[in-house]
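Data first, discussion second: the structure below is written as structure tokens.
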Amino acid sequence: MVMAMTPVDVQRFGSLSVVAVMPDERDGQQKTDKRSGLPRWRVQALRQPVDGARAQLIYISVPSATPPSFPPMTLIDPVGLVAIDWAMNGSHGLSYMADAVREA
């Protein structure tokens with residue numbers, strides 16, 4: 001697997017609104033953060049780019065002892081957001097990780 005991690009300038013990334021929060025799982029088991037040992041959660045968010053381009057659903061993986069809790073469509077601010085450009089077995093894509101998410 002090839003990966004490149006790039007810090008994201010959240011001011012230029014656009015607004016993010018929470019859609020749902022779920023465990024970040026692999027093979028039916030919740031992932032844990034390698035640095036903190038905390039469980040990882042997937043925050044599904046609606047991203048509206050600042051340039052007015054079409055909105056898209058993204059997932060941001062964050063470590064937290066408890067599930068992040070926000071009412072639906074709450075604007076959030078990811079702390080330490082990075083984009084991960086990955087390629088594996090002929091597939092590729094972008095995923096996102098953050099140190100935390102907070103209400104914007």
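How things are named: the first chain in the structure tokens is A, the next is B, and so on; residues count from 1 in each chain; ligands count from 1 in the order shown.
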>> Need to verify the contact set: Val19 (chain A), 9 Å, only C-alpha atoms, exclusion of same-chain residues closer than 2 positions in sequence. Can you return it as a VMD selection string?
In response: chain A and resid 17 21 43 to 46 57 70 to 74
For the selection you just gave me, I'd like the residues written to a file as a PDB file, in the first residue's frame, keeping N, CA and C atoms.
ATOM      1  N   SER A  17     -20.485  19.702   7.604  1.00  0.00           N
ATOM      2  CA  SER A  17     -21.652  19.493   8.458  1.00  0.00           C
ATOM      3  C   SER A  17     -21.789  18.010   8.765  1.00  0.00           C
ATOM      4  N   VAL A  21     -22.198   9.596  12.824  1.00  0.00           N
ATOM      5  CA  VAL A  21     -20.961   9.127  13.459  1.00  0.00           C
ATOM      6  C   VAL A  21     -21.109   7.625  13.677  1.00  0.00           C
ATOM      7  N   VAL A  43     -16.567  10.053  11.213  1.00  0.00           N
ATOM      8  CA  VAL A  43     -17.538  11.133  11.175  1.00  0.00           C
ATOM      9  C   VAL A  43     -17.882  11.355   9.706  1.00  0.00           C
ATOM     10  N   GLN A  44     -19.129  11.050   9.352  1.00  0.00           N
ATOM     11  CA  GLN A  44     -19.588  11.304   7.986  1.00  0.00           C
ATOM     12  C   GLN A  44     -20.007  12.765   7.937  1.00  0.00           C
ATOM     13  N   ALA A  45     -19.451  13.503   6.979  1.00  0.00           N
ATOM     14  CA  ALA A  45     -19.718  14.936   6.903  1.00  0.00           C
ATOM     15  C   ALA A  45     -20.029  15.350   5.474  1.00  0.00           C
ATOM     16  N   LEU A  46     -20.900  16.341   5.344  1.00  0.00           N
ATOM     17  CA  LEU A  46     -21.201  16.943   4.053  1.00  0.00           C
ATOM     18  C   LEU A  46     -20.244  18.110   3.875  1.00  0.00           C
ATOM     19  N   LEU A  57     -20.046  13.935   0.214  1.00  0.00           N
ATOM     20  CA  LEU A  57     -19.949  13.271   1.506  1.00  0.00           C
ATOM     21  C   LEU A  57     -18.533  12.748   1.680  1.00  0.00           C
ATOM     22  N   PHE A  70     -22.881  15.081  17.934  1.00  0.00           N
ATOM     23  CA  PHE A  70     -23.345  16.346  17.372  1.00  0.00           C
ATOM     24  C   PHE A  70     -24.745  16.140  16.806  1.00  0.00           C
ATOM     25  N   PRO A  71     -25.633  17.119  16.942  1.00  0.00           N
ATOM     26  CA  PRO A  71     -26.903  17.026  16.227  1.00  0.00           C
ATOM     27  C   PRO A  71     -26.631  17.012  14.718  1.00  0.00           C
ATOM     28  N   PRO A  72     -27.491  16.339  13.940  1.00  0.00           N
ATOM     29  CA  PRO A  72     -27.292  16.315  12.492  1.00  0.00           C
ATOM     30  C   PRO A  72     -27.159  17.723  11.908  1.00  0.00           C
ATOM     31  N   MET A  73     -26.266  17.845  10.954  1.00  0.00           N
ATOM     32  CA  MET A  73     -25.971  19.060  10.186  1.00  0.00           C
ATOM     33  C   MET A  73     -25.282  20.154  11.002  1.00  0.00           C
ATOM     34  N   THR A  74     -24.740  19.805  12.169  1.00  0.00           N
ATOM     35  CA  THR A  74     -23.929  20.746  12.936  1.00  0.00           C
ATOM     36  C   THR A  74     -22.644  21.025  12.169  1.00  0.00           C
TER      37      THR A  74
END
>> Need to verify the contact set: Gly52 (chain A), 12 Å, only C-alpha atoms, exclusion of same-chain residues closer than 3 positions in sequence. Can you return it as a list in words?
In response: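 The residues that qualify are Arg12, Phe13, Gly14, Ser15, Arg47, Gln48, Pro49, Ala55 and Gln56 of chain A.
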>> Let me make sure I understand: among A:Pro78, A:Pro7, A:Gly93, A:Pro63, which one has the smallest atom-to-atom distance to Met22 (chain A) if we use only C-alpha atoms?
In response: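 Smallest distance to Met22 (chain A) is found for A:Pro63.
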> Running DSSP on the backbone, which parts of region 9-78 of chain A land in alpha helix (DSSP H), as a VMD selection string?
Replying inline: chain A and resid 10 to 13
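The space separating CA of Ala104 (chain A) from CA of Asp77 (chain A) comes to 5.0 Å.
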>> Need the shell around Ala4 (chain A): protein/DNA/RNA residues with any atom at most 10 Å away, counting only C-alpha atoms. Skip same-chain ones fewer than 5 positions apart. Format as a VMD selection string?
In response: chain A and resid 82 to 87 94
Those same residues - C-alpha atoms - I'd like them written as a tab-separated table (two decimals), in the first residue's frame.
chain	number	residue	atom	x	y	z
A	82	VAL	CA	-4.88	15.45	6.96
A	83	ALA	CA	-5.78	13.99	3.57
A	84	ILE	CA	-4.37	10.55	2.85
A	85	ASP	CA	-3.85	9.73	-0.82
A	86	TRP	CA	-3.70	5.93	-0.98
A	87	ALA	CA	-3.19	3.25	-3.62
A	94	LEU	CA	-8.53	9.88	-0.59
>> I'd like the neighbourhood of Ala100 (chain A) as a list of chain:residue names, where a residue qualifies if any of its atoms comes within 8 Å (using only C-alpha atoms), though same-chain residues fewer than 2 positions away should be ignored.
In response: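 After dropping sequence-adjacent residues, the list is A:Val62, A:Pro63, A:Ser64, A:Pro78, A:Val79, A:Gly80, A:Ala98, A:Arg102.
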>> Please identify the strand (DSSP E) residues within chain A (assignment by DSSP from backbone atoms) and present them as a count of residues only.
In response: 59
> Expressed in Å to a single decimal, how great is the separation between CA of Glu25 (chain A) and CA of Gln11 (chain A)?
Replying inline: 29.1 Å
> Which is closer to Leu81 (chain A) than all the others in A:Met3, A:Ser36, A:Asp9, A:Ala20, using only C-alpha atoms?
Replying inline: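 Ranking A:Met3, A:Ser36, A:Asp9, A:Ala20 by distance to Leu81 (chain A), first place goes to A:Asp9.
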> Hey, can you check how far CA of Asp99 (chain A) sits from CA of Ile58 (chain A)?
Replying inline: 16.1 Å
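The shortest atom-to-atom distance to Arg42 (chain A), with only C-alpha atoms taken into account, belongs to A:Ser61 out of A:Thr6, A:Ser95, A:Ser61, A:Ser69.
Proximity to Ala65 (chain A) was assessed for A:Asp24, A:Asp33, A:Pro39, A:Met97 counting only C-alpha atoms; the smallest distance is recorded for A:Pro39.
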> Smallest atom-to-atom distance to Trp41 (chain A): which of A:Val10, A:Leu16, A:Tyr96, A:Met5, using only C-alpha atoms?
Replying inline: A:Tyr96
> Pick the closest to Pro23 (chain A) from A:Ser91, A:Ala53, A:Tyr59, A:Pro67: which is it, counting only C-alpha atoms?
Replying inline: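 Smallest separation from Pro23 (chain A) among the options: A:Pro67.
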